Amino acid sequence: MDRSGLIEAVTRKTANGDGPSPEQVGRIVDAVFGTVEEAGAIAEALREGVTVTLLGFGSFHDEDGEVGLRPGKALDEFVHGQVG
């Protein structure tokens with residue numbers, strides 16, 4: 001899934017008559033994950049040595065100069081068909 005696919009999926013999941021527009025979702029995605037021109041909140045936190053944890057999803061961390069994602073239990077179980 002690329003950026004536009006993510007924006008479309010999030011827009012669909014939040015569409016309840018007063019949900020955010022695709023443009024608003026795009027700005028949020030860019031603010032969280034960043035763009036080529038500007039770092040997002042996750043990248044900025046990692047540069048400062050902060051681990052970013054999204055409960056149930058996982059944590060972004062910098063370990064010995066390598067940035068990675070350690071999936072949370074809920075994400076791991078969902079991806080492997082153990083729930084949902």
# chains A, B, ... in the order shown; residues from 1 in each chain; ligands from 1
>>> residues_around(residues="segment 46-50 of chain A", least_positions_apart="4", cutoff="7 Å", atoms="only C-alpha atoms", output="PDB file with C-alpha atoms, in the first residue's frame")
ATOM      1  CA  ILE A  42       8.062   9.734  14.242  1.00  0.00           C
ATOM      2  CA  HIS A  61      12.977   2.471  17.813  1.00  0.00           C
ATOM      3  CA  ASP A  62      16.602   3.190  17.005  1.00  0.00           C
TER       4      ASP A  62
END
>>> residues_around(residues="segment 68-81 of chain A", least_positions_apart="6", cutoff="6 Å", atoms="only C-alpha atoms", output="list in words")
Gly56, Phe57, Gly58, Ser59, Phe60 and His61 of chain A
>>> write_last_selection(atoms="N, CA and C atoms", output="mmCIF file, in the first residue's frame")
data_model
loop_
_atom_site.group_PDB
_atom_site.id
_atom_site.type_symbol
_atom_site.label_atom_id
_atom_site.label_comp_id
_atom_site.auth_asym_id
_atom_site.auth_seq_id
_atom_site.Cartn_x
_atom_site.Cartn_y
_atom_site.Cartn_z
ATOM 1 N N GLY A 56 -0.725 -1.456 20.906
ATOM 2 C CA GLY A 56 -1.373 -2.448 20.067
ATOM 3 C C GLY A 56 -0.747 -2.578 18.687
ATOM 4 N N PHE A 57 -0.095 -1.531 18.207
ATOM 5 C CA PHE A 57 0.531 -1.563 16.888
ATOM 6 C C PHE A 57 1.984 -1.984 16.985
ATOM 7 N N GLY A 58 2.722 -1.282 17.827
ATOM 8 C CA GLY A 58 4.135 -1.589 17.988
ATOM 9 C C GLY A 58 4.929 -0.354 18.349
ATOM 10 N N SER A 59 6.243 -0.496 18.271
ATOM 11 C CA SER A 59 7.098 0.638 18.603
ATOM 12 C C SER A 59 8.174 0.817 17.541
ATOM 13 N N PHE A 60 8.407 2.074 17.193
ATOM 14 C CA PHE A 60 9.502 2.454 16.321
ATOM 15 C C PHE A 60 10.666 2.785 17.240
ATOM 16 N N HIS A 61 11.832 2.246 16.944
ATOM 17 C CA HIS A 61 12.977 2.471 17.813
ATOM 18 C C HIS A 61 14.262 2.533 16.994
#
>>> atom_distance(atom1="atom CA of Val29 of chain A", atom2="atom CA of Glu8 of chain A")
11.1 Å
>>> atom_distance(atom1="atom CA of Gly17 of chain A", atom2="atom CA of Ala41 of chain A")
28.3 Å
>>> select_by_dssp(residues="segment 13-80 of chain A", states="strand (DSSP E)", output="ChimeraX atom specification")
/A:52-54,58-63,66-71
>>> select_by_dssp(residues="chain A", states="alpha helix (DSSP H)", output="count of residues only")
38
>>> residues_around(residues="Ser21 of chain A", least_positions_apart="3", cutoff="7 Å", atoms="only C-alpha atoms", output="list in words")
Thr11, Gln24 and Val25 of chain A
>>> write_last_selection(atoms="N, CA, C and O atoms", output="mmCIF file, in the first residue's frame")
data_model
loop_
_atom_site.group_PDB
_atom_site.id
_atom_site.type_symbol
_atom_site.label_atom_id
_atom_site.label_comp_id
_atom_site.auth_asym_id
_atom_site.auth_seq_id
_atom_site.Cartn_x
_atom_site.Cartn_y
_atom_site.Cartn_z
ATOM 1 N N THR A 11 -9.475 7.292 5.080
ATOM 2 C CA THR A 11 -10.669 8.095 4.804
ATOM 3 C C THR A 11 -11.920 7.221 4.850
ATOM 4 O O THR A 11 -12.927 7.595 5.454
ATOM 5 N N GLN A 24 -7.381 16.250 4.389
ATOM 6 C CA GLN A 24 -7.036 16.315 5.807
ATOM 7 C C GLN A 24 -6.279 15.063 6.246
ATOM 8 O O GLN A 24 -5.294 15.159 6.969
ATOM 9 N N VAL A 25 -6.736 13.906 5.804
ATOM 10 C CA VAL A 25 -6.045 12.657 6.136
ATOM 11 C C VAL A 25 -4.621 12.695 5.571
ATOM 12 O O VAL A 25 -3.674 12.286 6.240
#
